[in-house]
Amino acid sequence: MAGTTPDLMEKIVSLCKRRGFIFPSSEIYGGFAAVYDFGPYGVELAKNIREAWWQAMVREHDNIVGLDSAIFMHPKVWEASGHVGGFSDPLAECRECHTRVRVDHLLEEAGVFADEKMSEEEINALFGENKDKIVCPKCGKKSFTDAKGFNLLVKSNLGNFTSDWTKEPTYLRGETCQGIYVNFKNVLDSSRVKVPFGIAQIGKAFRNEITARQFIFRKREFEQMEMQYFVRPETAATVYEEWRAKRFQYYLDLGLKPENLRWHEHENLVFYAKAAWDIEYRFPFGFKELEGIHNRSDYDLTQHTKFSGTDLSYRDPQTNEKYVPWIVETSVGVDRTFLAVMTDAYTEETVGENDTRIVLKFPKKLAPVQVAVFPLMKNKEELVGKARGIYEELRKSLRAEFDDNGNVGKRYRRQDEIGTPYCVTVDFDTIGLGEDTSLVDTVTIRDRDTMQQTRVKIADLKNYIGGSI
Ligand code: GAP
């Protein structure tokens with residue numbers, strides 16, 4: 001594919017495994033397609049990503065409040081939302097070996113690129129026109145059925161004993177925003193919010209994605225960070241543009257490179273949407289959706305009013321006017337942000353004559369470890385004791401790690417690969433056993449990006465590093 005770097009993807013996948021960021025799920029059983037686990041450093045990075053989003057969306061807005069709704073919801077929610085009827089990917093079946101494959105992926109293999117935003121009918125038409133080129137990836141035959149929609153909702157057998165649950169299955173939620181819509185009235189009645197206001201939520205979502213590809217870009221169990229902003233209908237278009245600008249700036253502030261970000265406008269809008277733009281990131285396999293920003297009109301609250309029988313309109317406390325608020329949505333995945341941050345940070349540099357180092361140049365606020373503290377030697381008690389004391393002090397306000405494995409060079413290499421911005425070394429001068437007595441109670445601090453080493457007083461370390469947990 002033009003503009004893609006498959007090699008980079010392999011390197012990132014390998015680093016994620018080697019350094020404990022991401023593991024394939026149930027790996028000892030052979031793995032489980034499109035499901036992944038976060039390892040010790042991955043869980044820290046994911047936590048920092050969630051924290052940055054929550055800070056920007058909830059804590060820095062007077063009129064946005066948080067929510068944590070349950071993964072299981074009343075089955076009717078998914079009928080009202082339209083997911084039971086129309087949340088599907090087009091699949092075709094090989095007539096020879098009965099393998100089912102996503103039609104857009106078959107087209108891509110045949111060198112025909114379907115726009116991700118094409119409607120199902122358009123993809124089917126494109127598939128029909130190109131059937132002579134479509135080869136089954138399993139048996140190599142060219143004999144496919146027409147495409148059919150495959151519903152992406154994940155069913156569960158959670159006991160719904162009050163009704164016939166075989167007729168009305170319960171689902172694992174396919175998106176987090178439905179939990180926000182059904183709590184609109186609860187939030188309104190229990191907090192001091194007035195339109196315009198937003199409700200933000202971070203949580204797991206589940207989709208039966210057909211093809212497991214592109215690492216954590218498309219998972220079957222993933223995590224969304226969604227904010228639904230309720231507005232007066234006539235202001236929706238203006239508010240939408242404001243959120244578009246804010247959300248693009250958010251990624252720049254997060255530290256992503258501007259050249260790796262761009263806008264994509266949806267050409268085929270779902271019938272209720274008034275506008276839809278994606279912020280795309282240049283992943284190793286090309287520019288793809290990172291976040292969606294949608295003007296959803298009054299569709300969601302109207303549908304849930306209809307299906308639940310509960311009136312979800314809003315009465316303006318000043319004018320007494322009653323209306324159904326429109327919704328401007330911003331929606332992004334934790335996992336996609338993780339992959340974007342990883343891709344942006346991954347760097348290979350030549351050091352000296354013919355050595356290379358791999359370094360993750362994470363923004364300081366996202367780095368899983370912000371500072372690592374080393375004793376120069378692990379078997380010298382005074383060095384170890386002093387280093388541990390510094391580490392225990394720093395960890396109160398920074399994400400710190402103590403490391404006495406191998407030699408200092410190996411420790412630098414390891415910390416570079418997990419993206420630690422600073423490494424502090426306690427040596428003989430620090431503890432008054434060196435030649436230069438003026439260096440007592442000072443340490444060497446090494447900068448990840450420049451590799452420069454500076455002598456700093458222990459008392460000044462926190463200020464020098466800056467930032468906090
Ligand atoms: N509520 C709107 C909604 O769910 P979406 O475009 O289907 O819209 C929003 O998803 C965001 O969720 C995407 O931009 C992406 O970041 C993330 N996302 C969606 N499906 C995903 C998957 N299978 N794996 C990882 N992230 C996913």
# chains A, B, ... in the order shown; residues from 1 in each chain; ligands from 1
>>> residues_near_ligand(ligand="ligand 1", cutoff="7 Å", atoms="only C-alpha atoms and all ligand atoms", output="PyMOL selection string")
chain A and resi 175-177+207+209+216-224+226+289-292+331-333+335-336
>>> write_last_selection(atoms="C-alpha atoms", output="compact mmCIF listing (two decimals), in the first residue's frame")
# COMPACT_ATOMS: atom_id res chain seq x y z
CA GLU A 175 -20.19 1.50 21.88
CA THR A 176 -20.07 3.36 25.19
CA CYS A 177 -22.20 6.36 24.16
CA ARG A 207 -17.51 -5.84 18.35
CA GLU A 209 -14.85 -7.54 13.95
CA ILE A 216 -4.49 -3.20 18.29
CA PHE A 217 -5.98 -0.92 15.61
CA ARG A 218 -9.01 -3.16 15.24
CA LYS A 219 -9.75 -5.24 18.32
CA ARG A 220 -12.81 -7.23 19.29
CA GLU A 221 -12.61 -5.98 22.88
CA PHE A 222 -11.43 -2.38 22.96
CA GLU A 223 -11.86 0.78 24.95
CA GLN A 224 -13.55 4.01 23.92
CA GLU A 226 -16.53 9.24 24.24
CA GLU A 289 -9.28 6.91 11.58
CA LEU A 290 -8.11 7.79 15.06
CA GLU A 291 -11.16 9.75 16.25
CA GLY A 292 -14.64 10.43 14.91
CA SER A 331 -15.22 9.41 20.05
CA VAL A 332 -11.76 7.90 20.17
CA GLY A 333 -10.25 4.56 21.17
CA ASP A 335 -6.06 1.42 21.84
CA ARG A 336 -5.83 3.54 18.70
>>> residues_around(residues="region 428-439 of chain A", least_positions_apart="5", cutoff="10 Å", atoms="only C-alpha atoms", output="tab-separated table (two decimals) with N, CA and C atoms, in the first residue's frame")
chain	number	residue	atom	x	y	z
A	375	PRO	N	22.03	2.66	41.01
A	375	PRO	CA	23.32	2.74	41.69
A	375	PRO	C	24.38	2.35	40.65
A	376	LEU	N	25.54	2.99	40.66
A	376	LEU	CA	26.54	2.66	39.64
A	376	LEU	C	26.87	1.16	39.67
A	377	MET	N	26.98	0.62	40.88
A	377	MET	CA	27.25	-0.83	41.02
A	377	MET	C	26.23	-1.42	41.98
A	380	LYS	N	27.58	-2.60	45.92
A	380	LYS	CA	28.16	-1.65	46.86
A	380	LYS	C	27.02	-1.05	47.67
A	382	GLU	N	26.56	1.18	49.97
A	382	GLU	CA	26.32	2.63	50.13
A	382	GLU	C	25.68	3.21	48.87
A	383	LEU	N	26.12	2.73	47.70
A	383	LEU	CA	25.55	3.23	46.43
A	383	LEU	C	24.07	2.82	46.33
A	386	LYS	N	21.82	4.75	48.86
A	386	LYS	CA	21.60	6.15	48.46
A	386	LYS	C	20.61	6.22	47.28
A	387	ALA	N	20.83	5.31	46.29
A	387	ALA	CA	19.96	5.31	45.10
A	387	ALA	C	18.52	4.98	45.48
A	444	THR	N	24.33	12.07	38.40
A	444	THR	CA	24.34	12.29	36.95
A	444	THR	C	22.92	12.06	36.45
A	455	ARG	N	25.33	17.03	35.71
A	455	ARG	CA	25.47	16.81	37.15
A	455	ARG	C	24.47	17.72	37.87
A	456	VAL	N	23.64	17.14	38.69
A	456	VAL	CA	22.57	17.91	39.34
A	456	VAL	C	22.55	17.57	40.84
A	457	LYS	N	22.25	18.58	41.67
A	457	LYS	CA	22.13	18.33	43.12
A	457	LYS	C	20.89	17.46	43.35
A	458	ILE	N	20.99	16.53	44.27
A	458	ILE	CA	19.84	15.65	44.57
A	458	ILE	C	18.62	16.51	44.93
>>> closest_residue(among="A:Arg413, A:His61, A:Arg296, A:Lys361", to="Gly198 (chain A)", atoms="only C-alpha atoms")
A:His61
>>> closest_residue(among="A:Asp441, A:Glu129, A:Asp89, A:Asp298", to="Phe271 (chain A)", atoms="only C-alpha atoms")
A:Asp298
>>> closest_residue(among="A:Ala114, A:Ala340, A:Cys97, A:Ala70", to="Gly140 (chain A)", atoms="only C-alpha atoms")
A:Cys97
>>> closest_residue(among="A:Tyr346, A:Tyr250, A:Tyr181, A:Phe150", to="Ile210 (chain A)", atoms="only C-alpha atoms")
A:Phe150
>>> atom_distance(atom1="CA of Phe362 (chain A)", atom2="CA of Trp53 (chain A)")
16.1 Å
